[in-house]
Amino acid sequence: MPADDPFARLPQAAAFTVTSTTVTDGAAWPPEQHSSVLPGGKDISPQLSWSGAPEGTQSYALTVYDPDAPTGSGFWHWAVADIPATVTDLPEGAGDDTGSHMPEGAYQLPNDARSARYLGAAPPAGHGPHRYFVVVHALDIPSTGVPADATPAVLGFTMAGHTLGRAVLIATAETPA
């Protein structure tokens, strides 16, 4: 893992695969996945599918994180806990504020804007390209036990000792000056 990988200091975990019909790994987010504060942005969460999770997976969590945000701590755009192990995809738009497209038992935690939903990319104008780590975490527990109002950082701390695998897709975004 490169030194600027936000997971480099966490315990090693097996790799598995996450793909999307919305965005290709390494490519820019389409405008719909940008924040509604930007022209064309609609805060629509991406479609995601995953496969090859390690044996023993009892649940998944999903996070979308921008380590390049000018905050000193990055910016969490989306976090979903307690996705059942039988679920291997989420439709585009599942991260809306109703949560109606979430699998039974799964729930969205508040992002760094304190909304329990997907918040699209919105790098500051002229700040350069930002990376968005879309990560499906395979866990060895059926439930994280994290309260629905917890932060994504609390979810990450709770998952650290229970992560069997990580499937990572990196999208990018940049707002011209």
# chains A, B, ... in the order shown; residues from 1 in each chain; ligands from 1

$ residues_around --residues "Ala153 of chain A" --least-positions-apart "3" --cutoff "12 Å" --atoms "only C-alpha atoms" --output "PyMOL selection string"
chain A and resi 63-65+73-80+109-112+146+149-150+156-160

$ write_last_selection --atoms "C-alpha atoms" --output "tab-separated table (two decimals), in the first residue's frame"
chain	number	residue	atom	x	y	z
A	63	THR	CA	-17.38	3.98	3.63
A	64	VAL	CA	-16.59	6.80	1.22
A	65	TYR	CA	-13.72	8.96	2.42
A	73	SER	CA	-8.67	14.77	9.13
A	74	GLY	CA	-10.10	14.26	5.65
A	75	PHE	CA	-13.85	14.16	5.02
A	76	TRP	CA	-16.28	11.24	5.39
A	77	HIS	CA	-18.93	11.37	2.64
A	78	TRP	CA	-20.84	8.18	3.43
A	79	ALA	CA	-20.85	5.36	5.95
A	80	VAL	CA	-23.17	2.35	6.09
A	109	LEU	CA	-24.35	6.99	9.82
A	110	PRO	CA	-24.03	10.77	9.69
A	111	ASN	CA	-21.30	11.96	7.32
A	112	ASP	CA	-19.03	14.86	8.23
A	146	VAL	CA	-22.26	1.18	16.58
A	149	ASP	CA	-25.72	8.62	15.37
A	150	ALA	CA	-22.02	7.66	15.66
A	156	GLY	CA	-13.79	2.65	11.63
A	157	PHE	CA	-12.36	2.27	15.12
A	158	THR	CA	-14.94	-0.40	15.95
A	159	MET	CA	-14.28	-2.29	12.69
A	160	ALA	CA	-10.47	-2.26	13.01

$ residues_around --residues "Asp66 of chain A" --least-positions-apart "2" --cutoff "12 Å" --atoms "only C-alpha atoms" --output "MDAnalysis selection string"
chainID A and resid 4:6 63:64 68:78 111:112 119:123 129:135 170:174

$ write_last_selection --atoms "N, CA and C atoms" --output "short mmCIF file (atom, residue, chain, number, x, y, z; two decimals), in the first residue's frame"
data_model
loop_
_atom_site.label_atom_id
_atom_site.label_comp_id
_atom_site.auth_asym_id
_atom_site.auth_seq_id
_atom_site.Cartn_x
_atom_site.Cartn_y
_atom_site.Cartn_z
N ASP A 4 0.42 7.19 1.18
CA ASP A 4 -0.73 8.09 1.30
C ASP A 4 -2.07 7.34 1.29
N ASP A 5 -2.02 6.03 1.50
CA ASP A 5 -3.23 5.22 1.60
C ASP A 5 -3.77 5.36 3.02
N PRO A 6 -5.04 5.78 3.18
CA PRO A 6 -5.57 5.98 4.52
C PRO A 6 -5.71 4.68 5.33
N THR A 63 -17.77 2.60 3.36
CA THR A 63 -17.38 3.98 3.63
C THR A 63 -16.92 4.66 2.36
N VAL A 64 -17.14 5.97 2.29
CA VAL A 64 -16.59 6.80 1.22
C VAL A 64 -15.88 7.95 1.93
N ASP A 68 -8.01 13.86 1.03
CA ASP A 68 -7.39 15.07 0.52
C ASP A 68 -8.12 16.35 0.91
N ALA A 69 -9.23 16.24 1.63
CA ALA A 69 -9.97 17.42 2.07
C ALA A 69 -9.08 18.27 2.97
N PRO A 70 -9.17 19.59 2.86
CA PRO A 70 -8.29 20.46 3.64
C PRO A 70 -8.78 20.66 5.08
N THR A 71 -8.81 19.56 5.82
CA THR A 71 -9.34 19.62 7.19
C THR A 71 -8.34 19.13 8.22
N GLY A 72 -7.32 18.44 7.81
CA GLY A 72 -6.40 17.79 8.74
C GLY A 72 -6.87 16.39 9.11
N SER A 73 -8.13 16.10 8.82
CA SER A 73 -8.67 14.77 9.13
C SER A 73 -9.44 14.17 7.96
N GLY A 74 -9.35 14.76 6.79
CA GLY A 74 -10.10 14.26 5.65
C GLY A 74 -11.58 14.58 5.80
N PHE A 75 -12.40 13.92 4.97
CA PHE A 75 -13.85 14.16 5.02
C PHE A 75 -14.57 12.86 4.68
N TRP A 76 -15.47 12.44 5.59
CA TRP A 76 -16.28 11.24 5.39
C TRP A 76 -17.56 11.64 4.65
N HIS A 77 -17.76 11.07 3.48
CA HIS A 77 -18.93 11.37 2.64
C HIS A 77 -20.08 10.40 2.85
N TRP A 78 -19.78 9.18 3.28
CA TRP A 78 -20.84 8.18 3.43
C TRP A 78 -20.33 7.04 4.29
N ASN A 111 -22.58 11.62 7.94
CA ASN A 111 -21.30 11.96 7.32
C ASN A 111 -20.71 13.17 8.05
N ASP A 112 -19.64 13.73 7.54
CA ASP A 112 -19.03 14.86 8.23
C ASP A 112 -19.85 16.15 8.14
N LEU A 119 -23.14 12.10 0.68
CA LEU A 119 -22.89 13.49 0.32
C LEU A 119 -21.84 13.48 -0.78
N GLY A 120 -22.17 14.05 -1.91
CA GLY A 120 -21.29 14.00 -3.08
C GLY A 120 -20.01 14.80 -2.92
N ALA A 121 -19.13 14.57 -3.88
CA ALA A 121 -17.82 15.23 -3.90
C ALA A 121 -17.98 16.74 -4.07
N ALA A 122 -17.14 17.49 -3.36
CA ALA A 122 -17.16 18.96 -3.47
C ALA A 122 -15.81 19.53 -3.06
N PRO A 123 -14.74 19.15 -3.77
CA PRO A 123 -13.44 19.71 -3.39
C PRO A 123 -13.44 21.22 -3.60
N PRO A 129 -6.89 17.85 -7.52
CA PRO A 129 -7.69 16.62 -7.52
C PRO A 129 -7.78 16.01 -6.12
N HIS A 130 -8.95 15.48 -5.81
CA HIS A 130 -9.18 14.76 -4.57
C HIS A 130 -9.48 13.32 -4.90
N ARG A 131 -9.08 12.41 -3.99
CA ARG A 131 -9.37 10.99 -4.13
C ARG A 131 -10.50 10.63 -3.17
N TYR A 132 -11.38 9.77 -3.64
CA TYR A 132 -12.51 9.30 -2.84
C TYR A 132 -12.41 7.79 -2.73
N PHE A 133 -12.04 7.32 -1.55
CA PHE A 133 -11.88 5.90 -1.30
C PHE A 133 -13.25 5.31 -0.99
N VAL A 134 -13.77 4.53 -1.93
CA VAL A 134 -15.02 3.81 -1.75
C VAL A 134 -14.63 2.41 -1.30
N VAL A 135 -14.96 2.07 -0.06
CA VAL A 135 -14.44 0.83 0.52
C VAL A 135 -15.58 -0.01 1.11
N ILE A 170 -11.24 3.68 -6.06
CA ILE A 170 -10.91 5.09 -5.84
C ILE A 170 -11.44 5.90 -7.00
N ALA A 171 -12.31 6.86 -6.67
CA ALA A 171 -12.83 7.82 -7.64
C ALA A 171 -12.13 9.16 -7.39
N THR A 172 -12.23 10.06 -8.34
CA THR A 172 -11.58 11.36 -8.18
C THR A 172 -12.56 12.48 -8.50
N ALA A 173 -12.21 13.68 -8.04
CA ALA A 173 -12.98 14.88 -8.40
C ALA A 173 -12.08 16.09 -8.24
N GLU A 174 -12.36 17.11 -9.04
CA GLU A 174 -11.62 18.35 -8.95
C GLU A 174 -12.55 19.48 -9.37
#

$ residues_around --residues "Met102 of chain A" --least-positions-apart "5" --cutoff "9 Å" --atoms "only C-alpha atoms" --output "VMD selection string"
chain A and resid 80 83 90 to 91 94 to 95 107 to 108

$ write_last_selection --atoms "all heavy atoms" --output "CSV table (one decimal), in the first residue's frame"
chain,number,residue,atom,x,y,z
A,80,VAL,N,-22.0,3.3,5.9
A,80,VAL,CA,-23.2,2.4,6.1
A,80,VAL,C,-22.7,1.2,6.9
A,80,VAL,O,-21.6,0.6,6.6
A,80,VAL,CB,-23.7,1.8,4.7
A,80,VAL,CG1,-24.9,0.9,5.0
A,80,VAL,CG2,-24.1,3.0,3.8
A,83,ILE,N,-24.4,-4.2,6.9
A,83,ILE,CA,-25.0,-4.7,5.7
A,83,ILE,C,-24.8,-6.2,5.8
A,83,ILE,O,-23.8,-6.8,6.1
A,83,ILE,CB,-24.2,-4.2,4.4
A,83,ILE,CG1,-24.2,-2.7,4.3
A,83,ILE,CG2,-24.7,-4.9,3.2
A,83,ILE,CD1,-23.3,-2.1,3.3
A,90,LEU,N,-25.4,-2.6,-4.0
A,90,LEU,CA,-26.3,-1.5,-3.6
A,90,LEU,C,-26.6,-0.8,-4.9
A,90,LEU,O,-25.7,-0.5,-5.7
A,90,LEU,CB,-25.7,-0.6,-2.6
A,90,LEU,CG,-25.5,-1.1,-1.2
A,90,LEU,CD1,-24.7,0.0,-0.4
A,90,LEU,CD2,-26.8,-1.4,-0.5
A,91,PRO,N,-27.9,-0.4,-5.1
A,91,PRO,CA,-28.2,0.3,-6.3
A,91,PRO,C,-27.8,1.7,-6.3
A,91,PRO,O,-27.6,2.3,-5.2
A,91,PRO,CB,-29.8,0.2,-6.4
A,91,PRO,CG,-30.2,0.1,-4.9
A,91,PRO,CD,-29.1,-0.7,-4.3
A,94,ALA,N,-29.0,4.5,-3.4
A,94,ALA,CA,-29.3,3.9,-2.2
A,94,ALA,C,-29.0,4.8,-1.0
A,94,ALA,O,-29.6,4.6,0.1
A,94,ALA,CB,-28.6,2.5,-2.0
A,95,GLY,N,-28.1,5.7,-1.2
A,95,GLY,CA,-27.7,6.5,-0.1
A,95,GLY,C,-28.5,7.8,0.1
A,95,GLY,O,-28.0,8.8,0.6
A,107,TYR,N,-27.8,0.4,8.1
A,107,TYR,CA,-28.2,1.8,8.3
A,107,TYR,C,-27.0,2.8,8.0
A,107,TYR,O,-25.9,2.4,8.0
A,107,TYR,CB,-28.7,2.0,9.8
A,107,TYR,CG,-27.6,1.6,10.8
A,107,TYR,CD1,-26.8,2.6,11.4
A,107,TYR,CD2,-27.5,0.3,11.2
A,107,TYR,CE1,-25.9,2.2,12.4
A,107,TYR,CE2,-26.6,-0.1,12.1
A,107,TYR,CZ,-25.8,0.9,12.7
A,107,TYR,OH,-24.8,0.5,13.7
A,108,GLN,N,-27.4,4.0,7.6
A,108,GLN,CA,-26.4,5.0,7.3
A,108,GLN,C,-26.1,5.8,8.6
A,108,GLN,O,-27.0,6.2,9.3
A,108,GLN,CB,-27.0,5.9,6.2
A,108,GLN,CG,-27.3,5.2,5.0
A,108,GLN,CD,-27.9,6.1,3.9
A,108,GLN,OE1,-27.2,6.5,3.0
A,108,GLN,NE2,-29.2,6.4,4.0

$ select_by_dssp --residues "segment 98-152 of chain A" --states "strand (DSSP E or B)" --output "list in words"
Tyr107, Gln108, Ala121, His130, Arg131, Tyr132, Phe133, Val134, Val135, Val136, His137, Ala138 and Leu139 of chain A

$ write_last_selection --atoms "C-alpha atoms" --output "mmCIF file, in the first residue's frame"
data_model
loop_
_atom_site.group_PDB
_atom_site.id
_atom_site.type_symbol
_atom_site.label_atom_id
_atom_site.label_comp_id
_atom_site.auth_asym_id
_atom_site.auth_seq_id
_atom_site.Cartn_x
_atom_site.Cartn_y
_atom_site.Cartn_z
ATOM 1 C CA TYR A 107 -28.194 1.843 8.317
ATOM 2 C CA GLN A 108 -26.396 5.024 7.311
ATOM 3 C CA ALA A 121 -17.823 15.231 -3.902
ATOM 4 C CA HIS A 130 -9.183 14.764 -4.567
ATOM 5 C CA ARG A 131 -9.375 10.988 -4.127
ATOM 6 C CA TYR A 132 -12.514 9.302 -2.835
ATOM 7 C CA PHE A 133 -11.880 5.897 -1.299
ATOM 8 C CA VAL A 134 -15.025 3.811 -1.752
ATOM 9 C CA VAL A 135 -14.443 0.834 0.521
ATOM 10 C CA VAL A 136 -16.485 -2.249 1.322
ATOM 11 C CA HIS A 137 -15.234 -3.760 4.567
ATOM 12 C CA ALA A 138 -15.848 -7.501 5.181
ATOM 13 C CA LEU A 139 -16.341 -8.054 8.908
#

$ atom_distance --atom1 "atom CA of Phe16 of chain A" --atom2 "atom CA of Gln47 of chain A"
17.0 Å

$ atom_distance --atom1 "atom CA of Pro67 of chain A" --atom2 "atom CA of Leu10 of chain A"
14.9 Å

$ decode --residues "segment 8-28 of chain A" --atoms "N, CA and C atoms" --output "JSON list (two decimals), in the first residue's frame"
[["chain", "number", "residue", "atom", "x", "y", "z"],
["A", 8, "ALA", "N", -3.21, 2.31, 5.33],
["A", 8, "ALA", "CA", -1.87, 1.76, 5.45],
["A", 8, "ALA", "C", -1.48, 1.43, 6.89],
["A", 9, "ARG", "N", -1.98, 2.16, 7.87],
["A", 9, "ARG", "CA", -1.60, 1.92, 9.27],
["A", 9, "ARG", "C", -2.57, 1.01, 10.00],
["A", 10, "LEU", "N", -3.60, 0.55, 9.31],
["A", 10, "LEU", "CA", -4.57, -0.36, 9.92],
["A", 10, "LEU", "C", -4.09, -1.80, 9.76],
["A", 11, "PRO", "N", -4.64, -2.71, 10.55],
["A", 11, "PRO", "CA", -4.26, -4.12, 10.39],
["A", 11, "PRO", "C", -4.48, -4.60, 8.95],
["A", 12, "GLN", "N", -3.59, -5.46, 8.48],
["A", 12, "GLN", "CA", -3.71, -6.03, 7.14],
["A", 12, "GLN", "C", -5.05, -6.75, 6.99],
["A", 13, "ALA", "N", -5.60, -6.70, 5.80],
["A", 13, "ALA", "CA", -6.85, -7.38, 5.50],
["A", 13, "ALA", "C", -6.78, -7.90, 4.07],
["A", 14, "ALA", "N", -7.44, -9.02, 3.83],
["A", 14, "ALA", "CA", -7.47, -9.60, 2.49],
["A", 14, "ALA", "C", -8.16, -8.65, 1.52],
["A", 15, "ALA", "N", -7.71, -8.65, 0.29],
["A", 15, "ALA", "CA", -8.34, -7.84, -0.74],
["A", 15, "ALA", "C", -9.44, -8.64, -1.41],
["A", 16, "PHE", "N", -10.55, -7.97, -1.72],
["A", 16, "PHE", "CA", -11.57, -8.55, -2.59],
["A", 16, "PHE", "C", -12.01, -7.45, -3.53],
["A", 17, "THR", "N", -13.02, -7.68, -4.34],
["A", 17, "THR", "CA", -13.33, -6.80, -5.46],
["A", 17, "THR", "C", -14.61, -6.01, -5.26],
["A", 18, "VAL", "N", -14.55, -4.70, -5.56],
["A", 18, "VAL", "CA", -15.74, -3.86, -5.64],
["A", 18, "VAL", "C", -15.72, -3.18, -7.01],
["A", 19, "THR", "N", -16.87, -3.19, -7.67],
["A", 19, "THR", "CA", -17.01, -2.53, -8.97],
["A", 19, "THR", "C", -18.25, -1.65, -8.93],
["A", 20, "SER", "N", -18.38, -0.85, -9.97],
["A", 20, "SER", "CA", -19.51, 0.07, -10.06],
["A", 20, "SER", "C", -19.87, 0.31, -11.51],
["A", 21, "THR", "N", -21.16, 0.40, -11.77],
["A", 21, "THR", "CA", -21.61, 0.81, -13.11],
["A", 21, "THR", "C", -21.63, 2.33, -13.19],
["A", 22, "THR", "N", -21.45, 3.00, -12.07],
["A", 22, "THR", "CA", -21.47, 4.45, -12.01],
["A", 22, "THR", "C", -20.11, 5.07, -12.29],
["A", 23, "VAL", "N", -19.07, 4.49, -11.72],
["A", 23, "VAL", "CA", -17.72, 5.05, -11.85],
["A", 23, "VAL", "C", -16.71, 3.91, -11.94],
["A", 24, "THR", "N", -15.67, 4.13, -12.71],
["A", 24, "THR", "CA", -14.59, 3.16, -12.86],
["A", 24, "THR", "C", -13.47, 3.51, -11.89],
["A", 25, "ASP", "N", -12.84, 2.49, -11.34],
["A", 25, "ASP", "CA", -11.72, 2.71, -10.43],
["A", 25, "ASP", "C", -10.68, 3.62, -11.09],
["A", 26, "GLY", "N", -10.30, 4.68, -10.40],
["A", 26, "GLY", "CA", -9.31, 5.63, -10.90],
["A", 26, "GLY", "C", -9.88, 6.75, -11.74],
["A", 27, "ALA", "N", -11.16, 6.69, -12.06],
["A", 27, "ALA", "CA", -11.79, 7.71, -12.91],
["A", 27, "ALA", "C", -12.50, 8.77, -12.07],
["A", 28, "ALA", "N", -12.87, 9.84, -12.72],
["A", 28, "ALA", "CA", -13.59, 10.94, -12.07],
["A", 28, "ALA", "C", -15.05, 10.56, -11.84]]
